[in-house]
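Colleague: Below is the file work13.cif, which contains mmCIF, C-alpha atoms and all ligand atoms.
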```
data_data
loop_
_atom_site.label_atom_id
_atom_site.label_comp_id
_atom_site.auth_asym_id
_atom_site.auth_seq_id
_atom_site.Cartn_x
_atom_site.Cartn_y
_atom_site.Cartn_z
CA MET Y 5 29.14 1.50 -24.08
CA GLU Y 6 26.73 1.81 -26.97
CA ARG Y 7 25.27 -1.62 -26.30
CA GLN Y 8 24.68 -0.79 -22.64
CA SER Y 9 22.73 2.39 -23.21
CA ASN Y 10 20.66 0.77 -26.00
CA LEU Y 11 19.82 -2.16 -23.78
CA ALA Y 12 18.91 0.08 -20.86
CA ASP Y 13 16.66 2.18 -23.12
CA LEU Y 14 15.06 -0.90 -24.65
CA VAL Y 15 14.23 -2.35 -21.24
CA SER Y 16 13.09 0.92 -19.77
CA ASN Y 17 10.78 1.61 -22.74
CA ALA Y 18 9.31 -1.88 -22.50
CA VAL Y 19 8.75 -1.66 -18.74
CA ASN Y 20 7.28 1.84 -18.98
CA GLY Y 21 4.95 0.78 -21.78
CA ALA Y 22 3.74 -2.42 -20.12
CA GLN Y 23 0.23 -2.59 -18.70
CA VAL Y 24 0.17 -3.75 -15.08
CA VAL Y 25 -2.01 -6.21 -13.20
CA ASP Y 26 -1.85 -4.93 -9.62
CA LEU Y 27 -1.96 -7.94 -7.31
CA HIS Y 28 -2.80 -6.15 -4.07
CA THR Y 29 -4.27 -2.74 -3.23
CA HIS Y 30 -6.70 -1.22 -0.74
CA LEU Y 31 -8.66 0.56 -3.48
CA PHE Y 32 -12.32 -0.14 -4.14
CA ALA Y 33 -14.44 -0.34 -7.27
CA PRO Y 34 -16.68 2.74 -7.56
CA GLN Y 35 -19.72 0.49 -7.05
CA LEU Y 36 -18.63 -0.24 -3.46
CA THR Y 37 -19.75 3.16 -2.35
CA GLY Y 38 -18.31 5.27 0.41
CA MET Y 39 -14.99 3.49 0.71
CA ASN Y 40 -12.77 5.19 -1.83
CA LEU Y 41 -10.04 7.60 -0.80
CA ALA Y 42 -8.64 10.16 -3.24
CA GLY Y 43 -7.22 13.68 -3.47
CA ILE Y 44 -4.48 15.80 -1.96
CA ASP Y 45 -5.67 15.78 1.68
CA GLU Y 46 -5.86 11.98 1.70
CA LEU Y 47 -2.46 11.70 0.00
CA LEU Y 48 -0.80 13.97 2.56
CA THR Y 49 -2.40 12.39 5.62
CA TYR Y 50 -1.48 8.85 4.58
CA HIS Y 51 0.02 7.12 7.60
CA TYR Y 52 3.54 7.00 6.13
CA LEU Y 53 3.62 10.82 6.09
CA ILE Y 54 1.97 11.16 9.50
CA ALA Y 55 4.83 9.10 10.96
CA GLU Y 56 7.38 11.22 9.10
CA VAL Y 57 6.01 14.63 10.08
CA LEU Y 58 6.07 13.64 13.75
CA ARG Y 59 9.86 13.26 13.45
CA PHE Y 60 10.20 16.95 12.60
CA GLU Y 61 7.38 18.79 14.36
CA SER Y 62 7.03 19.25 18.09
CA VAL Y 63 3.36 18.29 18.21
CA THR Y 64 2.01 15.19 19.91
CA PRO Y 65 0.51 12.34 17.87
CA GLU Y 66 -2.69 12.78 19.87
CA TRP Y 67 -2.97 16.44 18.88
CA LEU Y 68 -2.14 15.83 15.23
CA LEU Y 69 -4.55 12.92 14.84
CA SER Y 70 -7.38 14.84 16.50
CA GLN Y 71 -7.18 17.63 13.92
CA PRO Y 72 -9.36 17.78 10.79
CA LYS Y 73 -7.67 16.18 7.76
CA SER Y 74 -7.14 19.57 6.09
CA VAL Y 75 -5.21 20.84 9.13
CA GLN Y 76 -3.07 17.70 9.22
CA ALA Y 77 -2.44 17.99 5.48
CA ASP Y 78 -1.43 21.67 5.76
CA LEU Y 79 1.09 20.81 8.47
CA VAL Y 80 2.51 17.88 6.50
CA TRP Y 81 2.85 20.05 3.39
CA GLN Y 82 4.52 22.90 5.24
CA SER Y 83 6.86 20.65 7.20
CA LEU Y 84 7.89 18.00 4.67
CA PHE Y 85 7.50 19.84 1.35
CA VAL Y 86 8.04 23.57 2.01
CA ASP Y 87 10.35 23.79 5.04
CA ARG Y 88 12.29 20.72 3.92
CA THR Y 89 13.10 18.84 0.72
CA PRO Y 90 10.68 15.91 0.30
CA LEU Y 91 13.46 13.32 0.28
CA SER Y 92 11.60 10.28 1.58
CA GLU Y 93 9.94 7.85 -0.83
CA ALA Y 94 6.46 8.56 0.54
CA ALA Y 95 6.99 12.32 0.19
CA SER Y 96 8.55 12.11 -3.27
CA GLY Y 97 5.53 10.04 -4.33
CA VAL Y 98 3.27 13.03 -3.71
CA ILE Y 99 5.56 15.12 -5.92
CA THR Y 100 5.23 12.54 -8.71
CA VAL Y 101 1.42 12.67 -8.43
CA LEU Y 102 1.30 16.49 -8.49
CA SER Y 103 3.65 16.60 -11.49
CA ALA Y 104 1.57 14.01 -13.35
CA PHE Y 105 -1.41 16.38 -13.18
CA GLY Y 106 0.63 19.49 -14.05
CA LEU Y 107 0.33 20.90 -10.51
CA ASP Y 108 3.15 22.94 -8.98
CA PRO Y 109 5.23 20.73 -6.67
CA GLN Y 110 6.99 23.85 -5.29
CA SER Y 111 3.74 25.48 -4.23
CA LYS Y 112 3.80 27.20 -0.82
CA ASN Y 113 0.29 25.99 0.00
CA LEU Y 114 -2.38 23.52 -1.10
CA ARG Y 115 -4.87 25.96 -2.62
CA GLU Y 116 -4.24 25.03 -6.27
CA ALA Y 117 -4.07 21.27 -5.58
CA ARG Y 118 -7.29 21.29 -3.54
CA ALA Y 119 -9.16 23.23 -6.21
CA PHE Y 120 -7.89 20.84 -8.88
CA PHE Y 121 -8.87 17.62 -7.12
CA SER Y 122 -12.24 18.85 -5.90
CA ALA Y 123 -13.21 19.85 -9.46
CA ARG Y 124 -12.51 16.37 -10.86
CA ASP Y 125 -15.34 14.15 -12.05
CA PRO Y 126 -14.80 10.87 -10.13
CA VAL Y 127 -15.50 8.63 -13.14
CA SER Y 128 -13.13 10.33 -15.58
CA HIS Y 129 -10.58 10.88 -12.78
CA LEU Y 130 -10.46 7.12 -12.12
CA ASP Y 131 -10.00 6.46 -15.84
CA GLU Y 132 -7.21 9.00 -16.05
CA VAL Y 133 -5.38 7.69 -12.97
CA LEU Y 134 -5.46 4.14 -14.35
CA ARG Y 135 -4.30 5.40 -17.75
CA ILE Y 136 -1.38 7.41 -16.31
CA ALA Y 137 -0.40 4.55 -13.99
CA GLY Y 138 -0.65 2.04 -16.86
CA VAL Y 139 -2.75 -0.30 -14.74
CA ASP Y 140 -5.23 -2.71 -16.35
CA HIS Y 141 -6.51 -4.50 -13.26
CA VAL Y 142 -6.62 -3.51 -9.61
CA THR Y 143 -7.04 -6.16 -6.94
CA MET Y 144 -9.02 -4.91 -3.96
CA THR Y 145 -8.90 -6.05 -0.32
CA ASN Y 146 -12.42 -7.05 0.67
CA ASP Y 147 -13.44 -7.67 4.26
CA PRO Y 148 -16.85 -9.33 4.68
CA LEU Y 149 -16.84 -8.53 8.41
CA ASP Y 150 -16.69 -4.79 7.71
CA PRO Y 151 -20.31 -3.57 8.05
CA LEU Y 152 -20.03 -0.91 5.33
CA GLU Y 153 -18.45 -3.31 2.89
CA ARG Y 154 -20.88 -6.12 3.68
CA LYS Y 155 -23.81 -3.82 3.00
CA SER Y 156 -22.37 -2.86 -0.40
CA TRP Y 157 -21.88 -6.50 -1.44
CA ASP Y 158 -25.32 -7.52 -0.23
CA GLU Y 159 -26.76 -5.09 -2.77
CA LYS Y 160 -25.21 -7.33 -5.48
CA PRO Y 161 -23.30 -4.55 -7.26
CA GLU Y 162 -22.15 -4.91 -10.86
CA ILE Y 163 -18.44 -4.43 -10.15
CA ASP Y 164 -16.28 -2.53 -12.67
CA SER Y 165 -14.40 -5.30 -14.50
CA ARG Y 166 -11.04 -3.55 -13.96
CA PHE Y 167 -11.41 -4.27 -10.23
CA LEU Y 168 -10.84 -7.78 -8.88
CA SER Y 169 -11.79 -8.88 -5.43
CA ALA Y 170 -9.73 -10.62 -2.75
CA LEU Y 171 -11.34 -12.14 0.32
CA ARG Y 172 -9.43 -10.90 3.37
CA ILE Y 173 -9.89 -13.00 6.48
CA ASP Y 174 -7.56 -11.40 9.05
CA PRO Y 175 -10.04 -11.20 11.94
CA ILE Y 176 -11.01 -14.85 11.63
CA LEU Y 177 -7.44 -16.17 11.53
CA ASN Y 178 -5.83 -13.69 13.91
CA ASP Y 179 -8.51 -13.19 16.54
CA TRP Y 180 -11.07 -15.99 16.65
CA PRO Y 181 -12.15 -15.23 20.25
CA SER Y 182 -13.54 -11.89 19.01
CA SER Y 183 -14.41 -12.61 15.42
CA PHE Y 184 -16.60 -15.64 16.14
CA LYS Y 185 -19.11 -13.16 17.60
CA SER Y 186 -19.25 -11.27 14.28
CA LEU Y 187 -19.82 -14.53 12.41
CA ARG Y 188 -22.54 -15.49 14.87
CA SER Y 189 -24.31 -12.16 14.47
CA ASN Y 190 -24.23 -12.78 10.72
CA GLY Y 191 -26.10 -16.06 11.06
CA TYR Y 192 -23.34 -18.64 11.45
CA ASP Y 193 -23.66 -21.07 14.33
CA VAL Y 194 -20.15 -20.82 15.78
CA SER Y 195 -18.61 -20.80 19.27
CA VAL Y 196 -15.33 -19.71 20.78
CA ASP Y 197 -14.26 -23.37 21.11
CA LEU Y 198 -13.74 -23.90 17.38
CA ASP Y 199 -14.98 -27.48 17.30
CA ASP Y 200 -15.78 -29.49 14.14
CA GLN Y 201 -19.19 -27.87 13.75
CA ASP Y 202 -17.61 -24.38 14.04
CA VAL Y 203 -15.07 -25.24 11.34
CA ALA Y 204 -17.91 -26.43 9.10
CA GLU Y 205 -19.68 -23.11 9.69
CA VAL Y 206 -16.50 -21.16 8.85
CA ARG Y 207 -16.36 -23.11 5.61
CA ARG Y 208 -19.99 -22.19 4.93
CA PHE Y 209 -19.14 -18.53 5.63
CA LEU Y 210 -16.18 -18.67 3.22
CA ASP Y 211 -18.25 -20.44 0.54
CA ASP Y 212 -21.01 -17.85 0.87
CA TRP Y 213 -18.59 -14.94 0.48
CA ILE Y 214 -16.71 -16.58 -2.36
CA GLY Y 215 -20.10 -16.80 -4.05
CA LYS Y 216 -20.84 -13.11 -3.42
CA MET Y 217 -17.44 -11.58 -4.08
CA ARG Y 218 -15.95 -14.00 -6.63
CA PRO Y 219 -12.49 -13.33 -5.15
CA ARG Y 220 -9.25 -14.16 -6.95
CA TYR Y 221 -7.62 -15.34 -3.73
CA LEU Y 222 -8.09 -15.54 0.04
CA ALA Y 223 -5.71 -13.34 2.03
CA VAL Y 224 -4.34 -12.66 5.48
CA SER Y 225 -1.64 -10.52 7.00
CA LEU Y 226 0.24 -12.33 9.74
CA PRO Y 227 2.53 -11.33 12.59
CA ASP Y 228 6.25 -12.12 12.61
CA SER Y 229 5.41 -14.81 15.21
CA PHE Y 230 3.35 -16.82 12.69
CA SER Y 231 4.18 -20.47 13.07
CA TYR Y 232 3.10 -23.72 11.38
CA PRO Y 233 2.49 -26.38 12.47
CA GLU Y 234 1.38 -25.43 15.95
CA ASP Y 235 -1.54 -26.17 18.23
CA SER Y 236 -3.51 -22.95 17.76
CA GLN Y 237 -6.91 -21.81 16.55
CA ARG Y 238 -5.24 -20.06 13.61
CA ASN Y 239 -3.53 -23.28 12.52
CA CYS Y 240 -6.73 -25.26 12.95
CA LEU Y 241 -8.60 -22.78 10.75
CA ILE Y 242 -5.89 -22.74 8.09
CA ARG Y 243 -5.69 -26.54 7.94
CA SER Y 244 -9.37 -27.39 8.24
CA ALA Y 245 -11.15 -24.43 6.63
CA VAL Y 246 -8.85 -22.30 4.46
CA MET Y 247 -6.85 -25.04 2.71
CA PRO Y 248 -9.84 -27.20 1.66
CA THR Y 249 -11.86 -24.12 0.66
CA CYS Y 250 -9.01 -22.79 -1.50
CA ARG Y 251 -8.60 -26.20 -3.14
CA GLU Y 252 -12.29 -26.57 -3.80
CA HIS Y 253 -12.54 -23.14 -5.46
CA ALA Y 254 -9.06 -23.32 -7.07
CA LEU Y 255 -8.00 -20.12 -5.28
CA PRO Y 256 -4.51 -19.21 -4.01
CA PHE Y 257 -3.99 -18.25 -0.37
CA ALA Y 258 -2.06 -14.98 0.05
CA MET Y 259 0.01 -14.48 3.17
CA MET Y 260 1.66 -11.18 4.08
CA ILE Y 261 3.97 -11.95 6.96
CA GLY Y 262 5.97 -9.90 9.42
CA VAL Y 263 3.82 -7.05 10.72
CA ARG Y 264 4.03 -6.18 14.42
CA ARG Y 265 0.83 -4.32 15.13
CA GLN Y 266 0.85 -1.14 17.23
CA VAL Y 267 4.46 -1.04 18.42
CA ASN Y 268 3.65 2.62 19.06
CA ARG Y 269 -0.01 2.84 20.00
CA ARG Y 270 0.10 6.65 20.11
CA LEU Y 271 0.54 6.68 16.33
CA ALA Y 272 -2.68 4.66 15.75
CA GLY Y 273 -2.73 3.67 12.06
CA ALA Y 274 0.90 4.73 11.65
CA GLY Y 275 2.07 2.70 14.65
CA ASP Y 276 2.82 -0.74 13.17
CA GLY Y 277 6.34 -2.16 13.03
CA VAL Y 278 8.28 -4.99 11.41
CA GLY Y 279 9.60 -8.32 12.68
CA LEU Y 280 11.59 -11.21 11.29
CA ALA Y 281 9.39 -14.20 10.40
CA ASP Y 282 10.19 -17.92 10.57
CA LEU Y 283 9.87 -19.13 6.98
CA THR Y 284 9.93 -22.80 7.95
CA ALA Y 285 6.18 -22.19 8.47
CA ILE Y 286 5.80 -21.59 4.71
CA GLU Y 287 7.92 -24.65 3.88
CA ARG Y 288 5.80 -26.92 6.07
CA LEU Y 289 2.52 -25.42 4.87
CA ALA Y 290 3.52 -25.78 1.19
CA ASP Y 291 4.83 -29.29 1.81
CA ASP Y 292 1.68 -30.42 3.64
CA HIS Y 293 -0.57 -28.91 0.95
CA PRO Y 294 0.99 -29.59 -2.46
CA ASP Y 295 -2.37 -28.99 -4.16
CA ASN Y 296 -2.71 -25.50 -2.69
CA ARG Y 297 -1.03 -22.39 -4.09
CA PHE Y 298 0.50 -19.71 -1.87
CA LEU Y 299 1.16 -16.07 -2.68
CA VAL Y 300 3.72 -14.86 -0.13
CA THR Y 301 5.36 -11.56 0.73
CA THR Y 302 7.34 -10.61 3.81
CA LEU Y 303 7.79 -7.27 5.50
CA ALA Y 304 11.37 -7.77 6.69
CA ARG Y 305 14.09 -7.31 4.10
CA GLU Y 306 16.03 -10.10 5.83
CA ASN Y 307 13.22 -12.58 5.02
CA LEU Y 308 13.19 -11.97 1.28
CA HIS Y 309 16.26 -14.07 0.46
CA GLY Y 310 14.90 -16.98 2.50
CA LEU Y 311 11.57 -16.64 0.71
CA CYS Y 312 13.34 -17.05 -2.66
CA VAL Y 313 14.90 -20.28 -1.35
CA VAL Y 314 11.49 -21.54 -0.20
CA ALA Y 315 10.06 -20.74 -3.66
CA ARG Y 316 12.90 -22.67 -5.33
CA LYS Y 317 11.88 -25.74 -3.30
CA PHE Y 318 8.12 -25.33 -3.67
CA ALA Y 319 6.67 -24.35 -7.05
CA ASN Y 320 3.33 -23.76 -5.32
CA VAL Y 321 4.83 -20.71 -3.54
CA LEU Y 322 4.95 -17.42 -5.44
CA PRO Y 323 6.88 -14.49 -3.92
CA PHE Y 324 5.14 -11.21 -4.71
CA GLY Y 325 5.80 -7.53 -4.27
CA CYS Y 326 7.91 -5.34 -2.03
CA TRP Y 327 5.47 -4.68 0.75
CA TRP Y 328 5.05 -1.51 2.80
CA PHE Y 329 8.44 -0.76 4.43
CA MET Y 330 10.06 -2.60 1.51
CA ASN Y 331 8.49 -0.25 -1.02
CA ASN Y 332 11.58 1.91 -1.53
CA PRO Y 333 13.30 2.20 -4.92
CA SER Y 334 16.68 0.88 -3.73
CA LEU Y 335 15.06 -2.11 -2.02
CA VAL Y 336 12.74 -2.84 -4.96
CA GLU Y 337 15.71 -2.86 -7.35
CA ASP Y 338 17.79 -5.02 -5.02
CA THR Y 339 14.95 -7.45 -4.33
CA THR Y 340 13.96 -7.72 -8.00
CA LEU Y 341 17.57 -8.43 -9.00
CA MET Y 342 17.88 -11.13 -6.33
CA ARG Y 343 14.57 -12.71 -7.38
CA LEU Y 344 15.62 -12.70 -11.07
CA GLU Y 345 18.89 -14.37 -10.10
CA MET Y 346 17.18 -17.01 -7.97
CA LEU Y 347 13.81 -17.54 -9.66
CA GLY Y 348 14.11 -16.36 -13.26
CA ARG Y 349 10.87 -14.56 -13.99
CA SER Y 350 8.66 -16.78 -11.79
CA PHE Y 351 7.60 -14.09 -9.31
CA VAL Y 352 5.61 -10.85 -9.21
CA PRO Y 353 8.04 -7.96 -8.64
CA GLN Y 354 5.64 -5.43 -7.20
CA HIS Y 355 2.09 -4.63 -6.12
CA SER Y 356 1.10 -1.06 -5.31
CA ASP Y 357 -0.65 -1.56 -1.95
CA ALA Y 358 -2.29 1.77 -2.91
CA ARG Y 359 -4.85 2.94 -0.38
CA ILE Y 360 -5.49 6.30 -2.02
CA LEU Y 361 -6.36 6.25 -5.71
CA GLU Y 362 -3.64 8.59 -6.99
CA GLN Y 363 -0.93 6.57 -5.20
CA LEU Y 364 -1.20 4.18 -8.15
CA ILE Y 365 0.58 6.81 -10.24
CA TYR Y 366 3.71 7.13 -8.15
CA LYS Y 367 3.91 3.57 -6.89
CA TRP Y 368 3.98 2.26 -10.45
CA SER Y 369 6.16 4.92 -12.04
CA HIS Y 370 8.77 4.50 -9.28
CA ALA Y 371 8.54 0.68 -9.32
CA ARG Y 372 8.97 0.63 -13.10
CA ARG Y 373 12.33 2.46 -12.78
CA SER Y 374 13.62 -0.05 -10.21
CA ILE Y 375 12.36 -3.09 -12.13
CA ALA Y 376 13.89 -1.83 -15.40
CA ARG Y 377 17.27 -1.27 -13.73
CA ALA Y 378 17.29 -4.76 -12.20
CA LEU Y 379 16.28 -6.41 -15.47
CA THR Y 380 18.91 -4.45 -17.40
CA THR Y 381 21.60 -5.65 -14.97
CA ARG Y 382 20.58 -9.29 -15.59
CA TYR Y 383 20.53 -8.80 -19.36
CA GLU Y 384 23.98 -7.20 -19.28
CA ALA Y 385 25.32 -10.19 -17.37
CA LEU Y 386 23.74 -12.52 -19.94
CA GLU Y 387 25.23 -10.58 -22.85
CA ASP Y 388 28.62 -10.73 -21.16
CA SER Y 389 28.16 -14.50 -21.05
CA GLY Y 390 27.45 -14.59 -24.79
CA ARG Y 391 23.61 -14.57 -25.07
CA VAL Y 392 22.30 -11.81 -27.29
CA ILE Y 393 19.17 -10.17 -25.86
CA THR Y 394 16.54 -9.45 -28.49
CA LYS Y 395 13.61 -7.09 -28.43
CA ASP Y 396 11.33 -10.15 -28.29
CA ASP Y 397 13.15 -11.50 -25.21
CA VAL Y 398 12.60 -8.18 -23.46
CA LYS Y 399 8.94 -7.98 -24.44
CA ARG Y 400 8.25 -11.54 -23.30
CA ASP Y 401 9.98 -11.09 -19.93
CA VAL Y 402 8.51 -7.67 -19.21
CA THR Y 403 4.99 -8.86 -20.02
CA ALA Y 404 5.42 -11.81 -17.65
CA LEU Y 405 6.76 -9.63 -14.83
CA MET Y 406 4.28 -6.76 -15.12
CA SER Y 407 1.10 -8.72 -15.81
CA GLY Y 408 1.54 -12.29 -17.04
CA VAL Y 409 2.48 -14.13 -13.85
CA ALA Y 410 -0.07 -12.18 -11.80
CA SER Y 411 -2.78 -12.86 -14.42
CA GLU Y 412 -2.04 -16.56 -14.30
CA TRP Y 413 -2.27 -16.71 -10.51
CA LEU Y 414 -5.42 -14.58 -10.48
CA GLY Y 415 -7.07 -16.72 -13.11
CA LEU Y 416 -7.41 -13.83 -15.58
CA THR Y 417 -7.75 -14.65 -19.21
CA CYS Y 418 -6.42 -11.31 -20.53
ZN ZN Y 501 -1.94 -4.02 1.95
#
```
Would you kindly transcribe this structure into structure tokens?
Ligand SMILES: [Zn+2]

Modeller:
Amino acid sequence: MERQSNLADLVSNAVNGAQVVDLHTHLFAPQLTGMNLAGIDELLTYHYLIAEVLRFESVTPEWLLSQPKSVQADLVWQSLFVDRTPLSEAASGVITVLSAFGLDPQSKNLREARAFFSARDPVSHLDEVLRIAGVDHVTMTNDPLDPLERKSWDEKPEIDSRFLSALRIDPILNDWPSSFKSLRSNGYDVSVDLDDQDVAEVRRFLDDWIGKMRPRYLAVSLPDSFSYPEDSQRNCLIRSAVMPTCREHALPFAMMIGVRRQVNRRLAGAGDGVGLADLTAIERLADDHPDNRFLVTTLARENLHGLCVVARKFANVLPFGCWWFMNNPSLVEDTTLMRLEMLGRSFVPQHSDARILEQLIYKWSHARRSIARALTTRYEALEDSGRVITKDDVKRDVTALMSGVASEWLGLTC
């Protein structure tokens, strides 16, 4: 008994004290102006909570989404936090954030929270959020086809070194018939046909933006129907543009697979669903491109076991994070335990996917609990088999899981 509680405390202290390298978020460095989301109204109108409030309130999605953010936030607070216990993970995350700042999570309204957040100095607030969350580095999601973002990068900003960039290329890979027009209007001589000259121009576009953004990887989110090999424009672009570009710049290619966009269009940003992906696509891609590296996460829980098997066969595939609908404490613990059993520590257990700054606080404090529990279970099994677990073992493993593996794949030297 004594051993168990000591071990659990040792692991939990190590995990709680570890600095994190966050492999994927939707946060932006302060220098990329006008794109940061923060504060109580943003937290409460996050699409997870919009979907949840519509299960309890007899308002239409159209009405709710047409209201000012403060009205939406008031309704979410009243419905999910005052009239009901905030049981869901997304709701309990808001409680964790409020508690971290000493705000009353039982409050009947948002007056105190709004006054608190609006009085914060953005620079010191960012520092404090990163300090509370224990996050060293935040990887952004950077879209060069977004006009606002493109303008910011064209001004050659001196990006805060805690923020790392990732070049997101969803429109190009998922909708060439529309996105080629955006490339063309940005000075690239491309056509809808995607012939050899178009592919060369896509490579020039990628090279140009790698030069501007200095990304740590290229990234795409893919539908559950993603397939490889197949005769499609997406496959052609992956094979002929993305793979050689990644090799040339020594960058991994991140794939987030399994989203079914807009299964309920009325919910707009909250309307995406999940589907089971065919992981033979990852096997074939990794097999055809042994000199490329692939960061992979899947949205369906049922795909995560298969992904561990793929990673056992292909060392150039790294499973990362518990994405979106997987970001629930029970699933993070379960998934982390399975990955430890199948891959040792050669994976990244979690990324925050934070879209609103303060989400870093709850995503990481909740993930740390799940990761510590999973690691403790593995250590207990090892001790039962006769291997004594030392403080140094724990420190080494926790460092690898919380920052080391991610740092290596991101090319960080910290
Ligand atoms: Zn994301």

Colleague: Enter the distance from atom CA of Y:Asn10 to atom CA of Y:Asp397, in Å, rounded to one decimal.

Modeller: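 These atoms are spaced 14.4 Å apart.
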
Colleague: Please give me, as a list in words, the residues lying within 7 Å of ligand ZN 501 (chain Y) when counting all atoms listed in the file.

Modeller: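 Using all atoms listed in the file, everything at most 7 Å from ligand ZN 501 (chain Y) comes to His28, Thr29, His30 and Asp357 of chain Y.
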
Colleague: Could you pull out every residue with an atom within 12 Å of (-16.6, -22.1, 6.3), file coordinates, counting all atoms listed in the file, and send them as a ChimeraX atom specification?

Modeller: /Y:173,176,184,187,192-194,198,200-214,241-250,252

Colleague: Using only C-alpha atoms, can you tell me which of Y:Asp147, Y:Pro227, Y:Arg400, Y:Leu361 comes closest to Y:Val267?

Modeller: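 Looking at the shortest contact to Y:Val267, the residue is Y:Pro227.
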
Colleague: I'd like to know which of Y:Ser231, Y:Gln266, Y:Ser74, Y:Thr100 is closest to Y:Ile286, using all atoms listed in the file.

Modeller: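 Closest to Y:Ile286, using all atoms listed in the file: Y:Ser231.
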
Colleague: For Y:Gln237, list every protein, DNA or RNA residue within 9 Å, evaluated using all atoms listed in the file, and leave out those in the same chain fewer than 6 positions away; present the list as number ranges by chain.

Modeller: Y: 177-180, 197-198

Colleague: Since we have the selection now, will you write its residues out, keeping C-alpha atoms, as a PDB file, in the coordinates of the input?

Modeller:
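New file selection-v7.pdb:
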```pdb
ATOM      1  CA  LEU Y 177      -7.440 -16.170  11.530  1.00  0.00           C
ATOM      2  CA  ASN Y 178      -5.830 -13.690  13.910  1.00  0.00           C
ATOM      3  CA  ASP Y 179      -8.510 -13.190  16.540  1.00  0.00           C
ATOM      4  CA  TRP Y 180     -11.070 -15.990  16.650  1.00  0.00           C
ATOM      5  CA  ASP Y 197     -14.260 -23.370  21.110  1.00  0.00           C
ATOM      6  CA  LEU Y 198     -13.740 -23.900  17.380  1.00  0.00           C
TER       7      LEU Y 198
END
```

Colleague: Give me, please, the distance in Å between atom CA of Y:Phe85 and atom CA of Y:Pro109, quoted to one decimal.

Modeller: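 Between atom CA of Y:Phe85 and atom CA of Y:Pro109 the gap is 8.4 Å.
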
Colleague: Of the residues Y:Pro323, Y:Pro294, Y:Gly43, Y:Gly215, which is the one nearest to Y:Leu308, using all atoms listed in the file?

Modeller: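 Among Y:Pro323, Y:Pro294, Y:Gly43, Y:Gly215, it is Y:Pro323 that comes nearest to Y:Leu308.
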
Colleague: Between Y:Ala104, Y:Leu36, Y:Ala137, Y:Met346, single out the one closest to Y:Lys367, counting only C-alpha atoms.

Modeller: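 Ranked by minimum distance to Y:Lys367, first place goes to Y:Ala137.
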
Colleague: Counting only C-alpha atoms, which residue out of Y:Ser374, Y:Arg269, Y:Trp413, Y:Leu405 sits closest to Y:Val321?

Modeller: Y:Trp413

Colleague: Excluding same-chain residues fewer than 5 positions from stretch 129-134 of chain Y, what lies within 12 Å of it counting all atoms listed in the file, as an NGL selection string?

Modeller: :Y and (23-26 or 31-34 or 40-43 or 101-102 or 104-105 or 120-124 or 139-142 or 164 or 166-167 or 360-369)

Colleague: Identify which of the residues Y:Ala12, Y:Leu47, Y:Ala55, Y:Ala18 lies closest to Y:Ala274, counting only C-alpha atoms when measuring atom-to-atom distances.

Modeller: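 Selected residue with least distance to Y:Ala274: Y:Ala55.
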
Colleague: Do a neighbour search on Y:Glu56 at 10 Å with all atoms listed in the file, toss out local chain neighbours closer than 2 positions, and write the hits as a list in words.

Modeller: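 Here the answer would be His51, Tyr52, Leu53, Ile54, Leu58, Arg59, Phe60, Glu61, Val80, Ser83, Leu84, Ser92, Ala94, Ala95 and Ala274 of chain Y.
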
Colleague: Quick one: distance from atom CA of Y:Val75 to atom CA of Y:Arg118 in Å, one decimal?

Modeller: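 Spanning atom CA of Y:Val75 to atom CA of Y:Arg118 is a straight-line distance of 12.8 Å.
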
Colleague: Quick one: residues within 12 Å of Y:Leu283, all atoms listed in the file counted, chain neighbours fewer than 2 positions away excluded, as JSON, numbers by chain?

Modeller: {"Y": [228, 229, 230, 231, 232, 233, 259, 260, 261, 262, 280, 281, 285, 286, 287, 288, 289, 290, 300, 301, 302, 304, 306, 307, 308, 309, 310, 311, 312, 313, 314, 315, 321]}

Colleague: Could you write out as AutoDock Vina command-line options the box around stretch 292-298 of chain Y (axis-aligned, all atoms listed in the file, 8 Å on each side), with centre and edge lengths in Å to one decimal?

Modeller:
```
--center_x -0.5 --center_y -25.1 --center_z -0.3 --size_x 20.4 --size_y 26.7 --size_z 23.8
```

Colleague: Show me, as a PyMOL selection string, the residues that have an atom within 8 Å of Y:Lys185 when counting all atoms listed in the file, minus same-chain residues fewer than 4 positions from it.

Modeller: chain Y and resi 181+189+194-195

Colleague: Given all atoms listed in the file, how would the per-residue table for stretch 190-272 of chain Y near stretch 64-68 of chain Y read, listing every residue at most 12 Å away with its closest atom pair and distance in Å to one decimal, sorted by chain and number, as JSON lines?

Modeller:
```
{"residue": "Y:Asn268", "atom": "CA", "partner": "Y:Pro65", "partner_atom": "CA", "distance": 10.3}
{"residue": "Y:Arg269", "atom": "CA", "partner": "Y:Pro65", "partner_atom": "CA", "distance": 9.7}
{"residue": "Y:Arg270", "atom": "CA", "partner": "Y:Pro65", "partner_atom": "CA", "distance": 6.1}
{"residue": "Y:Leu271", "atom": "CA", "partner": "Y:Pro65", "partner_atom": "CA", "distance": 5.9}
{"residue": "Y:Ala272", "atom": "CA", "partner": "Y:Pro65", "partner_atom": "CA", "distance": 8.6}
```
